[in-house]
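File shown: entry.txt (compact mmCIF, C-alpha atoms).
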# COMPACT_ATOMS: atom_id res chain seq x y z
CA MET E 86 -0.06 4.76 -3.28
CA GLY E 87 -1.90 2.91 -0.53
CA ARG E 88 -5.36 1.35 -0.64
CA THR E 89 -8.53 3.37 -0.29
CA TYR E 90 -11.28 2.35 2.12
CA ILE E 91 -14.75 3.63 1.32
CA VAL E 92 -16.61 3.58 4.62
CA GLU E 93 -20.31 3.84 5.36
CA GLU E 94 -21.00 7.03 7.33
CA THR E 95 -22.85 5.09 10.02
CA VAL E 96 -19.59 3.24 10.74
CA GLY E 97 -17.97 6.59 11.53
CA GLN E 98 -20.88 7.48 13.80
CA TYR E 99 -20.59 4.13 15.57
CA LEU E 100 -16.86 4.55 16.18
CA SER E 101 -17.36 8.11 17.42
CA ASN E 102 -20.01 6.98 19.88
CA ILE E 103 -17.83 4.35 21.53
CA ASN E 104 -17.14 5.49 25.07
CA LEU E 105 -14.02 4.14 26.75
CA GLN E 106 -15.80 4.48 30.12
CA GLY E 107 -12.52 4.72 31.99
CA LYS E 108 -10.81 1.96 30.03
CA ALA E 109 -7.45 2.41 28.35
CA PHE E 110 -8.70 1.10 25.00
CA VAL E 111 -11.47 -0.67 23.10
CA SER E 112 -10.80 -2.93 20.10
CA GLY E 113 -13.02 -4.46 17.45
CA LEU E 114 -13.52 -5.63 13.89
CA LEU E 115 -14.06 -3.95 10.53
CA ILE E 116 -16.32 -5.80 8.07
CA GLY E 117 -16.86 -5.31 4.36
CA GLN E 118 -15.67 -6.37 0.92
CA CYS E 119 -12.41 -6.22 -1.01
CA SER E 120 -12.13 -5.24 -4.63
CA SER E 121 -9.16 -4.72 -6.93
CA GLN E 122 -9.28 -0.93 -6.69
CA LYS E 123 -10.73 -0.17 -3.27
CA ASP E 124 -12.32 -1.81 -0.24
CA TYR E 125 -15.77 -1.13 1.20
CA VAL E 126 -16.47 -1.07 4.96
CA ILE E 127 -20.12 -1.37 5.96
CA LEU E 128 -19.89 -2.47 9.60
CA ALA E 129 -17.71 -2.07 12.68
CA THR E 130 -18.26 -4.01 15.87
CA ARG E 131 -16.32 -3.85 19.10
CA THR E 132 -15.18 -7.00 20.83
CA PRO E 133 -17.40 -7.62 23.87
CA PRO E 134 -15.45 -7.29 27.15
CA LYS E 135 -14.59 -10.30 29.23
CA GLU E 136 -16.23 -9.98 32.62
CA GLU E 137 -13.03 -10.79 34.50
CA GLN E 138 -11.12 -8.26 32.40
CA SER E 139 -13.44 -5.33 32.96
CA GLU E 140 -11.85 -4.11 36.17
CA ASN E 141 -8.24 -4.62 35.00
CA LEU E 142 -8.71 -2.56 31.83
CA LYS E 143 -10.26 0.43 33.56
CA HIS E 144 -6.90 1.73 34.77
CA PRO E 145 -5.90 4.50 32.34
CA LYS E 146 -2.24 3.45 32.44
CA ALA E 147 -2.96 -0.12 31.32
CA LYS E 148 -0.71 -1.12 28.43
CA LEU E 149 -1.84 -2.49 25.10
CA ASP E 150 0.15 -5.61 25.97
CA ASN E 151 -2.93 -6.52 28.03
CA LEU E 152 -4.96 -6.92 24.83
CA ASP E 153 -6.40 -10.44 24.95
CA GLU E 154 -5.70 -11.80 21.46
CA GLU E 155 -7.34 -15.16 22.20
CA TRP E 156 -10.61 -13.50 23.23
CA ALA E 157 -10.50 -11.12 20.25
CA THR E 158 -9.83 -13.91 17.74
CA GLU E 159 -12.66 -16.01 19.16
CA HIS E 160 -14.97 -13.05 18.64
CA ALA E 161 -13.67 -12.72 15.07
CA CYS E 162 -14.41 -16.39 14.36
CA GLN E 163 -17.94 -16.03 15.72
CA VAL E 164 -18.56 -12.91 13.63
CA SER E 165 -17.08 -14.56 10.53
CA ARG E 166 -19.82 -17.21 10.74
CA MET E 167 -22.43 -14.47 10.54
CA LEU E 168 -21.19 -13.02 7.25
CA PRO E 169 -22.78 -14.07 3.95
CA GLY E 170 -20.71 -14.66 0.84
CA GLY E 171 -18.77 -11.64 -0.36
CA LEU E 172 -18.26 -10.12 3.09
CA LEU E 173 -15.11 -10.55 5.16
CA VAL E 174 -13.44 -9.35 8.32
CA LEU E 175 -11.28 -6.72 6.61
CA GLY E 176 -9.24 -5.82 9.66
CA VAL E 177 -9.28 -4.47 13.18
CA PHE E 178 -9.67 -1.14 14.92
CA ILE E 179 -8.61 0.19 18.29
CA ILE E 180 -9.66 3.30 20.16
CA THR E 181 -7.22 4.43 22.84
CA THR E 182 -6.65 7.16 25.37
CA LEU E 183 -4.26 9.97 24.51
CA GLU E 184 -1.62 8.38 26.78
CA LEU E 185 -1.51 5.31 24.52
CA ALA E 186 -1.67 7.22 21.24
CA ASN E 187 1.95 6.36 20.41
CA ASP E 188 1.84 2.79 21.63
CA PHE E 189 -0.73 1.12 19.41
CA GLN E 190 0.84 -0.06 16.14
CA ASN E 191 2.55 -3.25 17.32
CA ALA E 192 -0.53 -4.36 19.25
CA LEU E 193 -2.77 -3.72 16.23
CA ARG E 194 -0.40 -5.55 13.92
CA ARG E 195 -0.30 -8.65 16.13
CA LEU E 196 -4.05 -8.62 16.53
CA MET E 197 -4.71 -8.29 12.80
CA PHE E 198 -2.47 -11.26 11.92
CA ALA E 199 -3.91 -13.36 14.78
CA VAL E 200 -7.48 -12.69 13.62
CA GLU E 201 -6.72 -13.53 9.99
CA LYS E 202 -4.88 -16.74 10.91
CA SER E 203 -7.69 -17.92 13.18
CA ILE E 204 -10.45 -17.31 10.64
CA ASN E 205 -8.49 -18.76 7.71
CA ARG E 206 -7.80 -22.01 9.55
CA LYS E 207 -11.48 -22.96 9.43
CA ARG E 208 -12.10 -22.25 5.73
CA LEU E 209 -12.69 -24.89 3.06
CA TRP E 210 -11.38 -22.53 0.38
CA ASN E 211 -8.25 -20.52 -0.34
CA PHE E 212 -7.74 -16.99 -1.58
CA THR E 213 -6.64 -16.73 -5.20
CA GLU E 214 -3.41 -15.07 -6.26
CA GLU E 215 -5.36 -12.23 -7.89
CA GLU E 216 -7.20 -11.29 -4.71
CA VAL E 217 -6.29 -8.42 -2.44
CA SER E 218 -3.95 -9.63 0.31
CA GLU E 219 -3.92 -6.47 2.40
CA ARG E 220 -5.84 -6.09 5.65
CA VAL E 221 -6.47 -2.86 7.48
CA THR E 222 -5.67 -1.59 10.97
CA LEU E 223 -7.38 1.56 12.22
CA HIS E 224 -6.36 3.55 15.28
CA ILE E 225 -8.48 6.35 16.71
CA CYS E 226 -7.40 8.58 19.59
CA ALA E 227 -10.43 9.07 21.82
CA SER E 228 -9.32 12.58 22.81
CA THR E 229 -8.14 14.11 19.53
CA LYS E 230 -10.27 11.91 17.19
CA LYS E 231 -7.19 11.61 14.99
CA ILE E 232 -7.22 8.57 12.69
CA PHE E 233 -4.28 6.39 11.64
CA CYS E 234 -5.14 3.91 8.87
CA ARG E 235 -2.56 1.32 7.81
CA THR E 236 -2.52 -1.96 5.89
CA TYR E 237 -0.39 -5.11 6.02
CA ASP E 238 0.08 -7.99 3.60
CA ILE E 239 -1.46 -11.07 5.25
CA HIS E 240 0.79 -13.36 3.20
CA ASP E 241 3.92 -11.75 4.64
CA PRO E 242 4.11 -11.64 8.48
CA LYS E 243 7.20 -9.43 8.17
CA SER E 244 5.51 -6.88 5.92
CA SER E 245 5.75 -3.22 6.83
CA ALA E 246 2.77 -0.95 7.39
CA ARG E 247 1.49 0.99 4.38
CA PRO E 248 -0.60 4.15 4.74
CA ALA E 249 -4.19 3.92 3.50
CA ASP E 250 -7.01 6.39 2.88
CA TRP E 251 -10.12 6.20 5.07
CA LYS E 252 -13.05 7.99 3.38
CA TYR E 253 -16.62 8.18 4.60
CA GLN E 254 -19.55 7.96 2.17
CA SER E 255 -23.28 8.11 2.75
CA GLY E 256 -25.57 5.48 1.28
CA LEU E 257 -22.84 2.86 0.84
CA SER E 258 -24.91 0.21 2.63
CA SER E 259 -27.64 0.40 -0.02
CA SER E 260 -25.30 -0.08 -3.00
CA TRP E 261 -25.25 -3.87 -3.05
CA LEU E 262 -26.44 -6.62 -5.37
CA SER E 263 -27.77 -9.79 -3.77
CA LEU E 264 -27.39 -13.33 -5.07
CA GLU E 265 -29.52 -16.17 -3.75
CA CYS E 266 -29.03 -19.90 -4.17
CA THR E 267 -30.59 -23.08 -2.76
CA VAL E 268 -28.27 -26.09 -2.67
CA HIS E 269 -29.62 -29.57 -1.96
CA ILE E 270 -26.83 -31.48 -0.29
CA ASN E 271 -26.46 -35.23 0.23
CA ILE E 272 -22.88 -35.69 1.35
CA HIS E 273 -21.69 -39.17 2.28
CA ILE E 274 -18.58 -39.18 4.48
CA PRO E 275 -16.97 -42.54 5.34
CA LEU E 276 -15.42 -42.93 8.80
CA SER E 277 -12.09 -44.66 8.39
CA ALA E 278 -11.55 -47.80 10.48
CA THR E 279 -7.78 -47.68 9.97
CA SER E 280 -7.32 -44.12 11.25
CA VAL E 281 -8.69 -44.65 14.74
CA SER E 282 -7.08 -41.45 15.97
CA TYR E 283 -9.37 -39.42 13.71
CA THR E 284 -12.25 -37.85 15.60
CA LEU E 285 -15.71 -37.58 14.12
CA GLU E 286 -15.10 -33.88 13.63
CA LYS E 287 -11.80 -34.45 11.80
CA ASN E 288 -13.33 -37.12 9.57
CA THR E 289 -16.17 -34.79 8.70
CA LYS E 290 -13.78 -31.95 7.90
CA ASN E 291 -11.84 -34.24 5.53
CA GLY E 292 -15.08 -35.31 3.85
CA LEU E 293 -16.20 -31.73 3.44
CA THR E 294 -12.85 -30.87 1.88
CA ARG E 295 -13.49 -33.47 -0.83
CA TRP E 296 -17.03 -32.18 -1.34
CA ALA E 297 -15.69 -28.61 -1.59
CA LYS E 298 -13.90 -29.56 -4.81
CA GLU E 299 -17.26 -30.39 -6.40
CA ILE E 300 -18.60 -26.97 -5.42
CA GLU E 301 -15.45 -25.21 -6.65
CA ASN E 302 -15.59 -27.01 -10.02
CA GLY E 303 -19.34 -26.64 -10.53
CA VAL E 304 -21.06 -24.56 -13.20
CA TYR E 305 -23.10 -21.62 -11.93
CA LEU E 306 -26.18 -20.38 -13.76
CA ILE E 307 -27.18 -16.80 -13.03
CA ASN E 308 -30.88 -16.22 -13.70
CA GLY E 309 -30.80 -19.46 -15.69
CA GLN E 310 -27.86 -18.49 -17.88
CA VAL E 311 -24.21 -19.44 -18.02
CA LYS E 312 -22.21 -16.24 -18.41
CA ASP E 313 -18.59 -15.61 -19.24
CA GLU E 314 -16.70 -15.01 -15.99
CA ASP E 315 -15.19 -11.75 -17.22
CA CYS E 316 -18.57 -10.41 -18.30
CA ASP E 317 -20.15 -7.48 -16.46
CA LEU E 318 -22.73 -8.92 -14.05
CA LEU E 319 -25.10 -6.04 -14.80
CA GLU E 320 -24.74 -6.24 -18.57
CA GLY E 321 -28.07 -5.46 -20.20
CA HIS E 322 -29.69 -4.09 -17.05
CA LYS E 323 -31.66 -0.87 -17.09
CA LYS E 324 -29.87 2.45 -16.82
CA SER E 325 -31.19 5.41 -14.86
CA SER E 326 -31.64 8.89 -16.32
CA ARG E 327 -28.23 9.81 -14.92
CA GLY E 328 -26.60 6.97 -16.80
CA ASN E 329 -25.94 4.84 -13.73
CA THR E 330 -27.09 1.25 -13.56
CA GLN E 331 -29.91 0.94 -11.06
CA ALA E 332 -28.28 -1.87 -9.15
CA THR E 333 -29.52 -1.49 -5.62
CA SER E 334 -32.78 -3.37 -6.28
CA HIS E 335 -31.29 -6.23 -8.27
CA SER E 336 -31.37 -9.75 -6.88
CA PHE E 337 -29.95 -12.67 -8.85
CA ASP E 338 -31.05 -16.28 -8.68
CA VAL E 339 -28.13 -18.72 -8.83
CA ARG E 340 -28.27 -22.44 -9.61
CA VAL E 341 -25.35 -24.82 -9.15
CA LEU E 342 -24.52 -27.80 -11.36
CA THR E 343 -21.71 -29.89 -9.91
CA GLN E 344 -19.21 -31.87 -11.93
CA LEU E 345 -20.82 -35.13 -10.84
CA LEU E 346 -23.98 -34.10 -12.70
CA LEU E 347 -22.21 -32.55 -15.65
CA ASN E 348 -19.75 -35.33 -16.34
CA SER E 349 -21.71 -38.48 -15.69
CA ASP E 350 -19.63 -40.30 -18.32
CA HIS E 351 -16.32 -39.15 -16.87
CA ARG E 352 -14.14 -41.99 -15.61
CA SER E 353 -12.27 -41.58 -12.38
CA THR E 354 -10.12 -43.71 -10.09
CA ALA E 355 -12.10 -45.24 -7.22
CA THR E 356 -10.67 -45.47 -3.71
CA VAL E 357 -11.46 -48.46 -1.50
CA GLN E 358 -11.10 -48.11 2.25
CA ILE E 359 -12.20 -49.99 5.34
CA CYS E 360 -14.85 -48.03 7.22
CA SER E 361 -16.29 -48.25 10.71
CA GLY E 362 -19.31 -46.20 9.75
CA SER E 363 -20.33 -43.10 7.89
CA VAL E 364 -21.81 -39.65 8.25
CA ASN E 365 -24.50 -38.38 5.91
CA LEU E 366 -25.31 -34.70 5.57
CA LYS E 367 -28.69 -34.04 3.97
CA GLY E 368 -30.88 -31.04 3.47
CA ALA E 369 -31.65 -27.88 1.53
CA VAL E 370 -29.24 -25.04 2.25
CA LYS E 371 -30.19 -21.41 1.61
CA CYS E 372 -27.21 -19.36 0.51
CA ARG E 373 -26.82 -15.63 -0.02
CA ALA E 374 -24.00 -13.44 -1.21
CA TYR E 375 -23.55 -9.73 -1.78
CA ILE E 376 -21.47 -7.80 -4.29
CA HIS E 377 -20.96 -4.05 -4.34
CA SER E 378 -22.63 -2.53 -7.38
CA SER E 379 -19.54 -0.74 -8.71
CA LYS E 380 -18.75 -2.59 -11.98
CA PRO E 381 -19.14 -6.17 -10.63
CA LYS E 382 -17.93 -9.08 -12.73
CA VAL E 383 -19.63 -12.46 -13.08
CA LYS E 384 -16.56 -14.20 -11.64
CA ASP E 385 -16.78 -12.08 -8.48
CA ALA E 386 -20.45 -12.98 -8.00
CA VAL E 387 -19.84 -16.71 -8.58
CA GLN E 388 -16.90 -16.70 -6.19
CA ALA E 389 -18.99 -15.06 -3.46
CA VAL E 390 -21.75 -17.68 -3.88
CA LYS E 391 -19.27 -20.57 -3.84
CA ARG E 392 -17.71 -19.39 -0.62
CA ASP E 393 -21.07 -18.88 1.04
CA ILE E 394 -22.06 -22.47 0.22
CA LEU E 395 -18.82 -23.82 1.64
CA ASN E 396 -18.86 -21.56 4.70
CA THR E 397 -22.42 -22.21 5.80
CA VAL E 398 -22.17 -26.02 5.59
CA ALA E 399 -18.83 -26.12 7.40
CA ASP E 400 -20.00 -23.64 10.04
CA ARG E 401 -23.13 -25.64 10.81
CA CYS E 402 -21.14 -28.83 11.30
CA GLU E 403 -18.73 -27.01 13.59
CA ILE E 404 -21.59 -25.52 15.62
CA LEU E 405 -23.20 -28.97 15.94
CA PHE E 406 -19.98 -30.56 17.19
CA GLU E 407 -19.54 -27.73 19.69
CA ASP E 408 -23.08 -28.32 20.91
CA LEU E 409 -22.53 -32.08 21.25
CA LEU E 410 -19.32 -31.49 23.18
CA LEU E 411 -20.91 -28.86 25.42
CA ASN E 412 -23.87 -31.08 26.26
CA GLU E 413 -21.75 -34.25 26.45
CA ILE E 414 -24.27 -36.35 24.53
CA PRO E 415 -23.11 -40.00 24.83
CA GLU E 416 -22.26 -41.93 21.68
CA LYS E 417 -24.63 -44.68 20.65
CA LYS E 418 -23.63 -48.21 19.74
CA ASP E 419 -22.21 -48.80 16.29
CA SER E 420 -25.29 -50.72 15.23
CA GLU E 421 -27.59 -47.82 16.01
CA LYS E 422 -28.23 -44.86 13.76
CA GLU E 423 -27.98 -41.45 15.31
CA PHE E 424 -29.66 -38.38 13.87
CA HIS E 425 -28.92 -34.77 14.69
CA VAL E 426 -30.50 -31.68 13.21
CA LEU E 427 -28.02 -29.12 11.98
CA PRO E 428 -28.84 -25.56 13.03
CA TYR E 429 -31.07 -23.52 10.76
CA ARG E 430 -29.72 -20.44 9.07
CA VAL E 431 -31.45 -17.28 10.24
CA PHE E 432 -31.09 -14.15 8.12
CA VAL E 433 -31.14 -10.76 9.76
CA PRO E 434 -31.19 -7.35 8.03
CA LEU E 435 -28.31 -5.06 8.83
CA PRO E 436 -30.01 -1.87 10.10
CA GLY E 437 -30.15 0.76 7.38
CA SER E 438 -28.79 -1.59 4.71
CA THR E 439 -29.92 -3.86 1.90
CA VAL E 440 -27.42 -6.44 3.17
CA MET E 441 -28.58 -9.30 5.39
CA LEU E 442 -26.32 -11.02 7.88
CA CYS E 443 -27.00 -14.40 9.43
CA ASP E 444 -26.88 -16.53 12.54
CA TYR E 445 -27.67 -20.16 13.33
CA LYS E 446 -30.50 -21.54 15.44
CA PHE E 447 -31.24 -24.96 16.92
CA ASP E 448 -34.87 -26.04 17.38
CA ASP E 449 -34.72 -25.54 21.15
CA GLU E 450 -33.35 -22.00 20.91
CA SER E 451 -35.73 -19.08 21.14
CA ALA E 452 -35.86 -16.06 18.87
CA GLU E 453 -34.87 -13.96 21.88
CA GLU E 454 -31.65 -15.95 22.25
CA ILE E 455 -30.74 -15.36 18.60
CA ARG E 456 -31.48 -11.66 18.97
CA ASP E 457 -29.31 -11.43 22.07
CA HIS E 458 -26.44 -13.32 20.40
CA PHE E 459 -26.63 -11.03 17.39
CA MET E 460 -26.46 -7.98 19.65
CA GLU E 461 -23.55 -9.40 21.64
CA MET E 462 -21.47 -10.31 18.59
CA LEU E 463 -22.26 -7.35 16.32
CA ASP E 464 -23.24 -4.68 18.86
CA HIS E 465 -26.30 -3.65 16.83
CA THR E 466 -29.95 -3.83 17.81
CA ILE E 467 -32.35 -5.96 15.77
CA GLN E 468 -36.05 -6.72 16.05
CA ILE E 469 -37.29 -10.27 16.59
CA GLU E 470 -39.87 -9.86 13.85
CA ASP E 471 -37.04 -9.26 11.37
CA LEU E 472 -35.57 -12.76 11.87
CA GLU E 473 -36.02 -14.81 8.70
CA ILE E 474 -35.87 -18.62 8.76
CA ALA E 475 -36.12 -19.97 5.20
CA GLU E 476 -34.97 -23.59 5.38
CA GLU E 477 -36.24 -27.09 5.83
CA THR E 478 -34.75 -29.46 8.38
CA ASN E 479 -31.13 -30.40 7.70
CA THR E 480 -29.77 -33.55 9.32
CA VAL E 481 -26.49 -35.31 9.95
Let's see the structure in the file written out as C-alpha cells.
Amino acid sequence: MGRTYIVEETVGQYLSNINLQGKAFVSGLLIGQCSSQKDYVILATRTPPKEEQSENLKHPKAKLDNLDEEWATEHACQVSRMLPGGLLVLGVFIITTLELANDFQNALRRLMFAVEKSINRKRLWNFTEEEVSERVTLHICASTKKIFCRTYDIHDPKSSARPADWKYQSGLSSSWLSLECTVHINIHIPLSATSVSYTLEKNTKNGLTRWAKEIENGVYLINGQVKDEDCDLLEGHKKSSRGNTQATSHSFDVRVLTQLLLNSDHRSTATVQICSGSVNLKGAVKCRAYIHSSKPKVKDAVQAVKRDILNTVADRCEILFEDLLLNEIPEKKDSEKEFHVLPYRVFVPLPGSTVMLCDYKFDDESAEEIRDHFMEMLDHTIQIEDLEIAEETNTV
C-alpha cells in the first residue's frame, strides 16, 4: 500500500491551468507537510524558465534530458527559504506533451533526488528515523490530463518507484494550527586563527552548528506549559457540535528555554583556541510553524518550531553572505568593527489559506521588490499591503 497525498483543490486548479505554450514540458515543486499516515500538499509552483532556455524548450520534440537540474535545484533552495516550520518541499511535478508521456520517470527521479540533496545540504538539523523518508513525483500529461503519482525513498538512491494515491480535498489550506515564537539570539562565533583556510561563511556555519545543539536540547513551553511530547496538542480544546476539535483558529505561543539557562550548574569541558576575531549574531527572531489539525502531537509541534528557528537564522546568514559577495564589499582592517544588518523576515499570507509563508528583506529593498520575488519564486500573486514585518533590527 503506497502513501496517500491529500491535496488542496486549488493545487489541482493551478496545475490544470499551466499552459505549455509550445514547450515540451514544465516542471515545478510540490509543497506541504508529511505525517505518519498521509501527506498534505497545499502549494505547487512551477520553476521559472531561464531566459536563454525559453527558445530551446519550445520545440515539441525536445527530450526531458534537457531538463536543467541545476536551475531547478536553485529554485528549490530559494523556495525552501520561504517555508515556515512544518512545511517542506515534498517532491516535484512535471507536465509534458503526449509525445513525452512515456519518457518522464527517469527525469523526474533524478530531479527529485537532486532537489532533496541540494536542500538538505544547507540544513542545521537532520531528519529522525521515525520520519517519513518518501518524496513524491507527479507526472501529468497535458493532453489526456492523466496523472502518475509515485514515491521514492530519499535515503536509498537505488529505491524503486512506489505507486501513491493523489486525492483532492477542498478547504485543506484552512485546516492548520499556527505556532509563534520569539527567540532572542546572542551567538558568539570565534574565528579560528589556526584554520586560515576557513572562510567567514564556513566559520559561521560551524558556529551555528554548535548553537543548533542548544536549540535542539532546549525545553519548549506551549502557552506557558511544558507538555509531554506524546500528548495531543489540542488536548482540552473546545469541541464543535459535530464532535470535531475547532482547530483552524488556534494559535499557540511558544517559549524556548535553552540548556544553558536550565543547567547553569552543569559542568562542561571548555575548549581553548587561538582566534583572529569573532562574529556576533544579535537580535530578536520571529518564528512561525504550522501543523495540520488532524490529531497533532506536542512533539510534532515542537519539532516544527525548532526547525523554523534553525532555518531562519541560517538562511539569513547565507543571504547576507550572498549579498556581500554580490556587492563585493571590501573587508575592513582587523582592528575595526564591522556591522551588517541581517535581512528582516517578512511574512506573507498564502492566498486562500491560514498559512503564512515568508521572505527576507534588506533595508534598501522596496516592498515592490519583495512582492515581485515572491511572485517569481512561488508563482502566486500577493498584495503589498499584506506584507508583514514584525522584527527589530538584527545584526552580525
Open item on the list: Using all atoms listed in the file, which protein or nucleic acid residues come within 10 Å of Pro242 in chain E? Drop anything in the same chain fewer than 6 positions from it, and give the result as number ranges by chain.
Closed with: E: 194-195, 198
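Closest approach to Ser228 in chain E among E:Val339, E:Ala161, E:Ile467, E:Leu105 is made by E:Leu105 (distances from only C-alpha atoms).
Remark: for Asn288 in chain E, the closest of the candidate residues E:Leu276, E:Ile127, E:Leu472, E:Leu262 is E:Leu276 (distances computed over all atoms listed in the file).
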- [ ] For CA of Ala109 in chain E and CA of Asp238 in chain E, determine how far apart the two atoms are, in Å to one decimal place.
- [x] 27.9 Å
Open item on the list: Report, in Å to a single decimal, how far apart CA of Val177 in chain E and CA of Lys243 in chain E are.
Closed with: 17.9 Å
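Nearest-residue note for Trp296 in chain E: choosing from E:Val383, E:Leu319, E:Ile394, E:Ile239, the minimum distance belongs to E:Ile394, counting only C-alpha atoms.
Across E:Asp313, E:Asp124, E:Glu470, E:Asp153, the tightest approach to Tyr90 in chain E is made by E:Asp124 when counting all atoms listed in the file.
The space between CA of Cys443 in chain E and CA of Leu293 in chain E spans 21.3 Å.
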TODO: Tell me which protein, DNA and RNA residues are within 12 Å of Leu193 in chain E, counting all atoms listed in the file, leaving out same-chain ones fewer than 5 positions away, and put them as a PyMOL selection string.
DONE: chain E and resi 110-114+149-150+152-154+157+176-181+187-188+198-200+220-225+233-237+246
TODO: List the neighbours of range 206-215 of chain E out to 10 Å using all atoms listed in the file; skip same-chain residues closer than 3 positions along the sequence, and give me the result as a PyMOL selection string.
DONE: chain E and resi 121+162+201-203+218+290-291+293-298+301+391-392+395-396+398-400+403
Within 9 Å of Arg88 in chain E, counting all atoms listed in the file, which residues qualify if same-chain residues fewer than 5 places away don't, as a compact mmCIF listing (two decimals) with C-alpha atoms, in the frame of the given file?
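Output file out_2.txt is given in full below:
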# COMPACT_ATOMS: atom_id res chain seq x y z
CA GLN E 122 -9.28 -0.93 -6.69
CA LYS E 123 -10.73 -0.17 -3.27
CA ASP E 124 -12.32 -1.81 -0.24
CA GLU E 219 -3.92 -6.47 2.40
CA ARG E 235 -2.56 1.32 7.81
CA THR E 236 -2.52 -1.96 5.89
CA ARG E 247 1.49 0.99 4.38
CA PRO E 248 -0.60 4.15 4.74
CA ALA E 249 -4.19 3.92 3.50
CA ASP E 250 -7.01 6.39 2.88
CA TRP E 251 -10.12 6.20 5.07
Task: Which of E:Gln163, E:Phe189, E:Ala227, E:Glu265 sits closest to Ile404 in chain E [using all atoms listed in the file] - done: E:Gln163
Open item on the list: Show me, as JSON, numbers by chain, the residues that have an atom within 9 Å of Leu405 in chain E when counting all atoms listed in the file, minus same-chain residues fewer than 5 positions from it.
Closed with: {"E": [400, 410, 425, 426, 427, 428]}
- [ ] Have a look at E:Leu463, E:Gly309, E:Leu411, E:Thr397 and name the one nearest to Pro436 in chain E; count only C-alpha atoms.
- [x] E:Leu463
Given 3 Å of margin on each side, can you work out the centre and size in Å (one decimal) of an axis-aligned box holding every listed atom of range 291-297 of chain E, as lines of an AutoDock Vina configuration file?
center_x = -14.4
center_y = -32.0
center_z = 2.0
size_x = 11.2
size_y = 12.7
size_z = 13.1
Completion of range 174-185 of chain E up to N, CA, C and O atoms, as a compact mmCIF listing (two decimals), in the frame of the given file:
# COMPACT_ATOMS: atom_id res chain seq x y z
N VAL E 174 -14.07 -10.19 7.31
CA VAL E 174 -13.44 -9.35 8.32
C VAL E 174 -12.23 -8.71 7.64
O VAL E 174 -11.25 -9.38 7.34
N LEU E 175 -12.32 -7.41 7.37
CA LEU E 175 -11.28 -6.72 6.61
C LEU E 175 -10.11 -6.28 7.48
O LEU E 175 -9.04 -5.95 6.96
N GLY E 176 -10.31 -6.27 8.78
CA GLY E 176 -9.24 -5.82 9.66
C GLY E 176 -9.75 -5.51 11.05
O GLY E 176 -10.85 -5.94 11.43
N VAL E 177 -8.97 -4.76 11.79
CA VAL E 177 -9.28 -4.47 13.18
C VAL E 177 -9.14 -2.98 13.46
O VAL E 177 -8.42 -2.26 12.76
N PHE E 178 -9.83 -2.52 14.49
CA PHE E 178 -9.67 -1.14 14.92
C PHE E 178 -9.38 -1.11 16.42
O PHE E 178 -9.67 -2.08 17.14
N ILE E 179 -8.82 -0.01 16.86
CA ILE E 179 -8.61 0.19 18.29
C ILE E 179 -8.77 1.66 18.60
O ILE E 179 -8.34 2.53 17.82
N ILE E 180 -9.48 1.94 19.67
CA ILE E 180 -9.66 3.30 20.16
C ILE E 180 -8.94 3.40 21.51
O ILE E 180 -9.21 2.59 22.40
N THR E 181 -8.04 4.35 21.62
CA THR E 181 -7.22 4.43 22.84
C THR E 181 -7.29 5.82 23.47
O THR E 181 -7.73 6.79 22.85
N THR E 182 -6.83 5.88 24.70
CA THR E 182 -6.65 7.16 25.37
C THR E 182 -5.47 7.89 24.74
O THR E 182 -4.66 7.29 24.02
N LEU E 183 -5.36 9.17 25.05
CA LEU E 183 -4.26 9.97 24.51
C LEU E 183 -2.91 9.44 24.98
O LEU E 183 -1.92 9.47 24.25
N GLU E 184 -2.88 8.90 26.22
CA GLU E 184 -1.62 8.38 26.78
C GLU E 184 -1.06 7.22 25.96
O GLU E 184 0.15 6.99 25.94
N LEU E 185 -1.94 6.48 25.30
CA LEU E 185 -1.51 5.31 24.52
C LEU E 185 -1.44 5.60 23.02
O LEU E 185 -1.27 4.69 22.22
